Structures are given as C-alpha cells and as structure tokens.
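Peer 1: Just one file: start07.txt, with compact mmCIF, N, CA and C atoms.
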```
# COMPACT_ATOMS: atom_id res chain seq x y z
N MET Z 1 29.17 1.88 8.40
CA MET Z 1 28.96 1.27 7.11
C MET Z 1 30.32 1.01 6.49
N ARG Z 2 30.54 -0.20 6.03
CA ARG Z 2 31.84 -0.57 5.47
C ARG Z 2 31.68 -1.04 4.04
N PHE Z 3 32.70 -0.77 3.24
CA PHE Z 3 32.72 -1.19 1.85
C PHE Z 3 34.05 -1.87 1.55
N LEU Z 4 34.06 -2.73 0.55
CA LEU Z 4 35.28 -3.36 0.09
C LEU Z 4 35.72 -2.67 -1.19
N CYS Z 5 37.00 -2.35 -1.29
CA CYS Z 5 37.51 -1.75 -2.53
C CYS Z 5 38.89 -2.34 -2.81
N HIS Z 6 39.30 -2.26 -4.05
CA HIS Z 6 40.61 -2.76 -4.45
C HIS Z 6 41.65 -1.66 -4.29
N VAL Z 7 42.70 -1.95 -3.53
CA VAL Z 7 43.83 -1.06 -3.38
C VAL Z 7 45.03 -1.82 -3.91
N GLY Z 8 45.44 -1.49 -5.13
CA GLY Z 8 46.50 -2.26 -5.78
C GLY Z 8 45.98 -3.65 -6.08
N THR Z 9 46.65 -4.66 -5.52
CA THR Z 9 46.22 -6.04 -5.73
C THR Z 9 45.42 -6.59 -4.56
N LYS Z 10 45.31 -5.81 -3.46
CA LYS Z 10 44.62 -6.29 -2.27
C LYS Z 10 43.19 -5.75 -2.21
N LEU Z 11 42.32 -6.53 -1.63
CA LEU Z 11 40.96 -6.11 -1.37
C LEU Z 11 40.94 -5.54 0.04
N LYS Z 12 40.65 -4.25 0.17
CA LYS Z 12 40.73 -3.58 1.46
C LYS Z 12 39.35 -3.12 1.90
N GLU Z 13 39.10 -3.21 3.21
CA GLU Z 13 37.83 -2.79 3.77
C GLU Z 13 37.96 -1.35 4.23
N ILE Z 14 37.07 -0.49 3.77
CA ILE Z 14 37.10 0.91 4.19
C ILE Z 14 35.76 1.25 4.81
N SER Z 15 35.76 2.19 5.70
CA SER Z 15 34.51 2.64 6.29
C SER Z 15 34.29 4.09 5.90
N THR Z 16 33.04 4.46 5.79
CA THR Z 16 32.72 5.77 5.26
C THR Z 16 32.43 6.79 6.33
N MET Z 17 31.89 6.39 7.46
CA MET Z 17 31.48 7.35 8.47
C MET Z 17 32.29 7.20 9.74
N LYS Z 18 32.40 8.31 10.46
CA LYS Z 18 33.04 8.28 11.78
C LYS Z 18 31.97 7.96 12.81
N VAL Z 19 31.75 6.65 13.02
CA VAL Z 19 30.73 6.18 13.95
C VAL Z 19 31.35 5.11 14.84
N CYS Z 20 31.14 5.24 16.15
CA CYS Z 20 31.58 4.20 17.07
C CYS Z 20 30.64 3.01 16.92
N GLU Z 21 31.20 1.82 16.74
CA GLU Z 21 30.39 0.63 16.51
C GLU Z 21 29.78 0.07 17.79
N ILE Z 22 30.17 0.59 18.94
CA ILE Z 22 29.63 0.14 20.22
C ILE Z 22 28.62 1.15 20.77
N THR Z 23 29.03 2.40 20.88
CA THR Z 23 28.16 3.42 21.49
C THR Z 23 27.30 4.15 20.49
N GLY Z 24 27.66 4.11 19.21
CA GLY Z 24 26.89 4.82 18.19
C GLY Z 24 27.20 6.30 18.11
N LYS Z 25 28.28 6.75 18.75
CA LYS Z 25 28.63 8.16 18.73
C LYS Z 25 29.02 8.59 17.32
N VAL Z 26 28.53 9.77 16.91
CA VAL Z 26 28.83 10.33 15.59
C VAL Z 26 29.30 11.77 15.76
N ALA Z 27 29.77 12.36 14.66
CA ALA Z 27 30.24 13.74 14.69
C ALA Z 27 29.06 14.68 14.96
N MET Z 28 29.35 15.77 15.69
CA MET Z 28 28.35 16.78 15.99
C MET Z 28 28.78 18.11 15.38
N VAL Z 29 27.83 18.99 15.18
CA VAL Z 29 28.12 20.32 14.64
C VAL Z 29 27.90 21.34 15.74
N GLY Z 30 28.83 22.30 15.82
CA GLY Z 30 28.73 23.36 16.81
C GLY Z 30 29.36 24.63 16.29
N ASN Z 31 29.72 25.50 17.20
CA ASN Z 31 30.30 26.79 16.84
C ASN Z 31 31.65 27.00 17.49
N ASN Z 32 32.58 27.61 16.75
CA ASN Z 32 33.75 28.23 17.34
C ASN Z 32 33.31 29.61 17.78
N VAL Z 33 33.65 30.02 18.98
CA VAL Z 33 33.29 31.35 19.46
C VAL Z 33 34.57 32.11 19.72
N SER Z 34 34.76 33.18 18.98
CA SER Z 34 35.97 33.98 19.11
C SER Z 34 35.87 34.90 20.32
N HIS Z 35 36.93 35.65 20.57
CA HIS Z 35 36.97 36.60 21.69
C HIS Z 35 35.89 37.67 21.51
N SER Z 36 35.61 38.04 20.26
CA SER Z 36 34.58 39.05 20.00
C SER Z 36 33.20 38.42 19.80
N HIS Z 37 33.06 37.15 20.13
CA HIS Z 37 31.82 36.37 20.07
C HIS Z 37 31.28 36.19 18.66
N ILE Z 38 32.15 36.19 17.67
CA ILE Z 38 31.76 35.84 16.31
C ILE Z 38 31.73 34.32 16.24
N ARG Z 39 30.61 33.81 15.78
CA ARG Z 39 30.44 32.36 15.74
C ARG Z 39 30.65 31.84 14.32
N THR Z 40 31.50 30.81 14.21
CA THR Z 40 31.71 30.12 12.94
C THR Z 40 31.47 28.64 13.17
N LYS Z 41 30.93 27.97 12.16
CA LYS Z 41 30.59 26.56 12.30
C LYS Z 41 31.85 25.70 12.40
N ARG Z 42 31.74 24.64 13.17
CA ARG Z 42 32.82 23.66 13.29
C ARG Z 42 32.22 22.30 13.54
N LYS Z 43 33.06 21.28 13.51
CA LYS Z 43 32.63 19.90 13.66
C LYS Z 43 33.35 19.28 14.86
N PHE Z 44 32.61 18.61 15.71
CA PHE Z 44 33.18 17.88 16.83
C PHE Z 44 33.21 16.40 16.46
N SER Z 45 34.39 15.84 16.26
CA SER Z 45 34.52 14.43 15.90
C SER Z 45 34.64 13.57 17.14
N PRO Z 46 34.07 12.36 17.13
CA PRO Z 46 34.25 11.46 18.28
C PRO Z 46 35.69 10.94 18.33
N ASN Z 47 36.12 10.57 19.50
CA ASN Z 47 37.48 10.08 19.72
C ASN Z 47 37.53 8.60 19.32
N LEU Z 48 37.71 8.34 18.01
CA LEU Z 48 37.65 6.97 17.49
C LEU Z 48 39.02 6.36 17.31
N ARG Z 49 39.10 5.07 17.57
CA ARG Z 49 40.30 4.28 17.34
C ARG Z 49 39.89 2.98 16.66
N THR Z 50 40.72 2.51 15.73
CA THR Z 50 40.51 1.19 15.15
C THR Z 50 41.28 0.21 16.01
N LYS Z 51 40.56 -0.71 16.63
CA LYS Z 51 41.18 -1.59 17.62
C LYS Z 51 40.74 -3.02 17.38
N ARG Z 52 41.67 -3.94 17.59
CA ARG Z 52 41.37 -5.37 17.48
C ARG Z 52 41.10 -5.93 18.86
N PHE Z 53 40.04 -6.74 18.95
CA PHE Z 53 39.68 -7.40 20.20
C PHE Z 53 39.65 -8.90 19.94
N TRP Z 54 40.14 -9.68 20.91
CA TRP Z 54 40.14 -11.14 20.79
C TRP Z 54 38.81 -11.67 21.28
N SER Z 55 38.15 -12.47 20.44
CA SER Z 55 36.89 -13.09 20.80
C SER Z 55 37.17 -14.54 21.23
N GLU Z 56 36.93 -14.83 22.50
CA GLU Z 56 37.16 -16.18 23.02
C GLU Z 56 36.18 -17.18 22.41
N GLU Z 57 34.92 -16.77 22.22
CA GLU Z 57 33.91 -17.67 21.69
C GLU Z 57 34.22 -18.09 20.25
N GLU Z 58 34.65 -17.12 19.43
CA GLU Z 58 34.92 -17.41 18.03
C GLU Z 58 36.37 -17.80 17.77
N GLY Z 59 37.25 -17.52 18.72
CA GLY Z 59 38.66 -17.87 18.57
C GLY Z 59 39.36 -17.07 17.48
N ARG Z 60 38.98 -15.80 17.33
CA ARG Z 60 39.58 -14.95 16.29
C ARG Z 60 39.57 -13.51 16.74
N TRP Z 61 40.33 -12.68 16.01
CA TRP Z 61 40.39 -11.25 16.27
C TRP Z 61 39.22 -10.57 15.57
N ILE Z 62 38.59 -9.60 16.23
CA ILE Z 62 37.53 -8.80 15.65
C ILE Z 62 38.01 -7.35 15.66
N THR Z 63 38.03 -6.71 14.49
CA THR Z 63 38.46 -5.33 14.37
C THR Z 63 37.25 -4.43 14.41
N LEU Z 64 37.26 -3.47 15.35
CA LEU Z 64 36.16 -2.54 15.51
C LEU Z 64 36.68 -1.11 15.49
N LYS Z 65 35.85 -0.20 15.03
CA LYS Z 65 36.15 1.23 15.15
C LYS Z 65 35.35 1.73 16.35
N VAL Z 66 36.04 1.98 17.46
CA VAL Z 66 35.37 2.32 18.71
C VAL Z 66 35.90 3.61 19.29
N SER Z 67 35.06 4.27 20.07
CA SER Z 67 35.47 5.48 20.79
C SER Z 67 36.12 5.06 22.10
N ALA Z 68 36.66 6.05 22.81
CA ALA Z 68 37.27 5.76 24.11
C ALA Z 68 36.22 5.22 25.08
N ALA Z 69 35.01 5.76 25.01
CA ALA Z 69 33.92 5.27 25.85
C ALA Z 69 33.54 3.84 25.46
N GLY Z 70 33.63 3.52 24.16
CA GLY Z 70 33.34 2.16 23.71
C GLY Z 70 34.35 1.16 24.22
N ILE Z 71 35.62 1.56 24.27
CA ILE Z 71 36.67 0.68 24.81
C ILE Z 71 36.42 0.42 26.30
N LYS Z 72 36.00 1.47 27.03
CA LYS Z 72 35.68 1.30 28.45
C LYS Z 72 34.49 0.35 28.63
N THR Z 73 33.51 0.46 27.75
CA THR Z 73 32.33 -0.41 27.82
C THR Z 73 32.72 -1.86 27.58
N ILE Z 74 33.60 -2.10 26.61
CA ILE Z 74 34.05 -3.47 26.32
C ILE Z 74 34.86 -4.01 27.50
N ASN Z 75 35.70 -3.17 28.11
CA ASN Z 75 36.47 -3.62 29.28
C ASN Z 75 35.56 -3.96 30.45
N LYS Z 76 34.45 -3.23 30.60
CA LYS Z 76 33.55 -3.45 31.73
C LYS Z 76 32.63 -4.65 31.51
N LYS Z 77 31.95 -4.71 30.35
CA LYS Z 77 30.96 -5.74 30.10
C LYS Z 77 31.52 -7.00 29.47
N GLY Z 78 32.60 -6.87 28.70
CA GLY Z 78 33.10 -7.97 27.90
C GLY Z 78 32.69 -7.75 26.46
N LEU Z 79 33.42 -8.39 25.54
CA LEU Z 79 33.23 -8.14 24.12
C LEU Z 79 31.86 -8.62 23.63
N THR Z 80 31.47 -9.83 23.97
CA THR Z 80 30.21 -10.36 23.43
C THR Z 80 29.00 -9.60 23.96
N ALA Z 81 29.01 -9.24 25.23
CA ALA Z 81 27.90 -8.47 25.80
C ALA Z 81 27.84 -7.08 25.20
N ALA Z 82 28.99 -6.47 24.98
CA ALA Z 82 29.02 -5.13 24.38
C ALA Z 82 28.53 -5.16 22.94
N LEU Z 83 28.91 -6.18 22.18
CA LEU Z 83 28.43 -6.30 20.81
C LEU Z 83 26.92 -6.58 20.77
N ARG Z 84 26.43 -7.34 21.71
CA ARG Z 84 25.00 -7.63 21.76
C ARG Z 84 24.19 -6.37 22.08
N ASP Z 85 24.72 -5.52 22.96
CA ASP Z 85 24.02 -4.31 23.37
C ASP Z 85 24.40 -3.09 22.54
N ALA Z 86 25.14 -3.29 21.44
CA ALA Z 86 25.66 -2.16 20.66
C ALA Z 86 24.53 -1.29 20.14
N LYS Z 87 24.74 0.04 20.22
CA LYS Z 87 23.72 0.99 19.79
C LYS Z 87 23.87 1.36 18.33
N ALA Z 88 25.01 1.06 17.74
CA ALA Z 88 25.22 1.35 16.32
C ALA Z 88 24.47 0.31 15.49
N ALA Z 89 24.44 0.52 14.19
CA ALA Z 89 23.72 -0.39 13.31
C ALA Z 89 24.30 -1.80 13.43
N LYS Z 90 23.43 -2.79 13.49
CA LYS Z 90 23.86 -4.17 13.63
C LYS Z 90 24.47 -4.67 12.33
N LYS Z 91 25.49 -5.48 12.44
CA LYS Z 91 26.09 -6.11 11.26
C LYS Z 91 26.64 -7.46 11.67
N VAL Z 92 26.98 -8.28 10.72
CA VAL Z 92 27.51 -9.60 11.01
C VAL Z 92 29.00 -9.48 11.27
N TYR Z 93 29.48 -10.02 12.39
CA TYR Z 93 30.90 -9.95 12.74
C TYR Z 93 31.55 -11.22 12.29
```
Could you render the structure from this file as structure tokens?
Peer 2:
Amino acid sequence: MRFLCHVGTKLKEISTMKVCEITGKVAMVGNNVSHSHIRTKRKFSPNLRTKRFWSEEEGRWITLKVSAAGIKTINKKGLTAALRDAKAAKKVY
C-alpha cells in the first residue's frame, strides 16, 4: 500500500508495509530461543529491496519493492509476466 505525502516542497511516495510486490511475502512473528530455552517474541522481516526495472512495453522505469525471491522471479519469467502473476495486491503501474 502506497501513499503520497509532502516532504518539503516535493511530493514523495511512501509505502507503509514491508510486502514484496511480486511474491506477497510479509513479516512473520516467531521466537528468539536463548541457551536456557527462554522464548521471547521477535519479527522476521522479508529481504526487501527497492529496485527499478525497465519495462520494454511501456518504455519507462517501474520501481518495485521486491524480495530476493521476487527479483529471481522477474529474471526468470520477465517483468510483465511476473507483474501479471503477482501474488500481492494488484495496483496500477
């Protein structure tokens, strides 16, 4: 989910959640387990990167927040096929 906000004089796009736009991976909750087996809650974040991809069909750069697995998927299938099969919420690119 993305929002537009004013940062100084520029209109900047910010995203609120750590979600891969291709695979749909999100943060998970688990436990840290100490040597004495005391469990404390922790968060496992997906390995996300903000990356620009060139779209041949549209002739422009598309910026996506993708995980490492999402980058591999785009390299294997191609950008348009990966966006078409994306498991995250659909949006207009």
Peer 1: As a count of residues only, please: all residues of segment 19-83 of chain Z that backbone DSSP puts in helix (DSSP H, G or I).
Peer 2: 15
Peer 1: Just checking: using only C-alpha atoms, which residue out of Z:Gly30, Z:Gly78, Z:Gly24, Z:Val66 ends up closest to Asn47 of chain Z?
Peer 2: Z:Val66
Peer 1: Work out how far apart atom C of Thr73 of chain Z and atom CA of Glu21 of chain Z are and give it in Å to one decimal.
Peer 2: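 One can read the atom C of Thr73 of chain Z to atom CA of Glu21 of chain Z distance as 11.6 Å.
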Peer 1: Could you tell me which of Z:Met17, Z:Ile62, Z:Leu79, Z:Ser45 comes closest to Val29 of chain Z if we count only N, CA and C atoms?
Peer 2: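 Using only N, CA and C atoms, Val29 of chain Z sits closest to Z:Ser45.
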Peer 1: I'd like to know which of Z:Thr80, Z:Thr23, Z:Lys43, Z:Ser36 is closest to Glu56 of chain Z, using only C-alpha atoms.
Peer 2: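 Distance minimum relative to Glu56 of chain Z lands on Z:Thr80.
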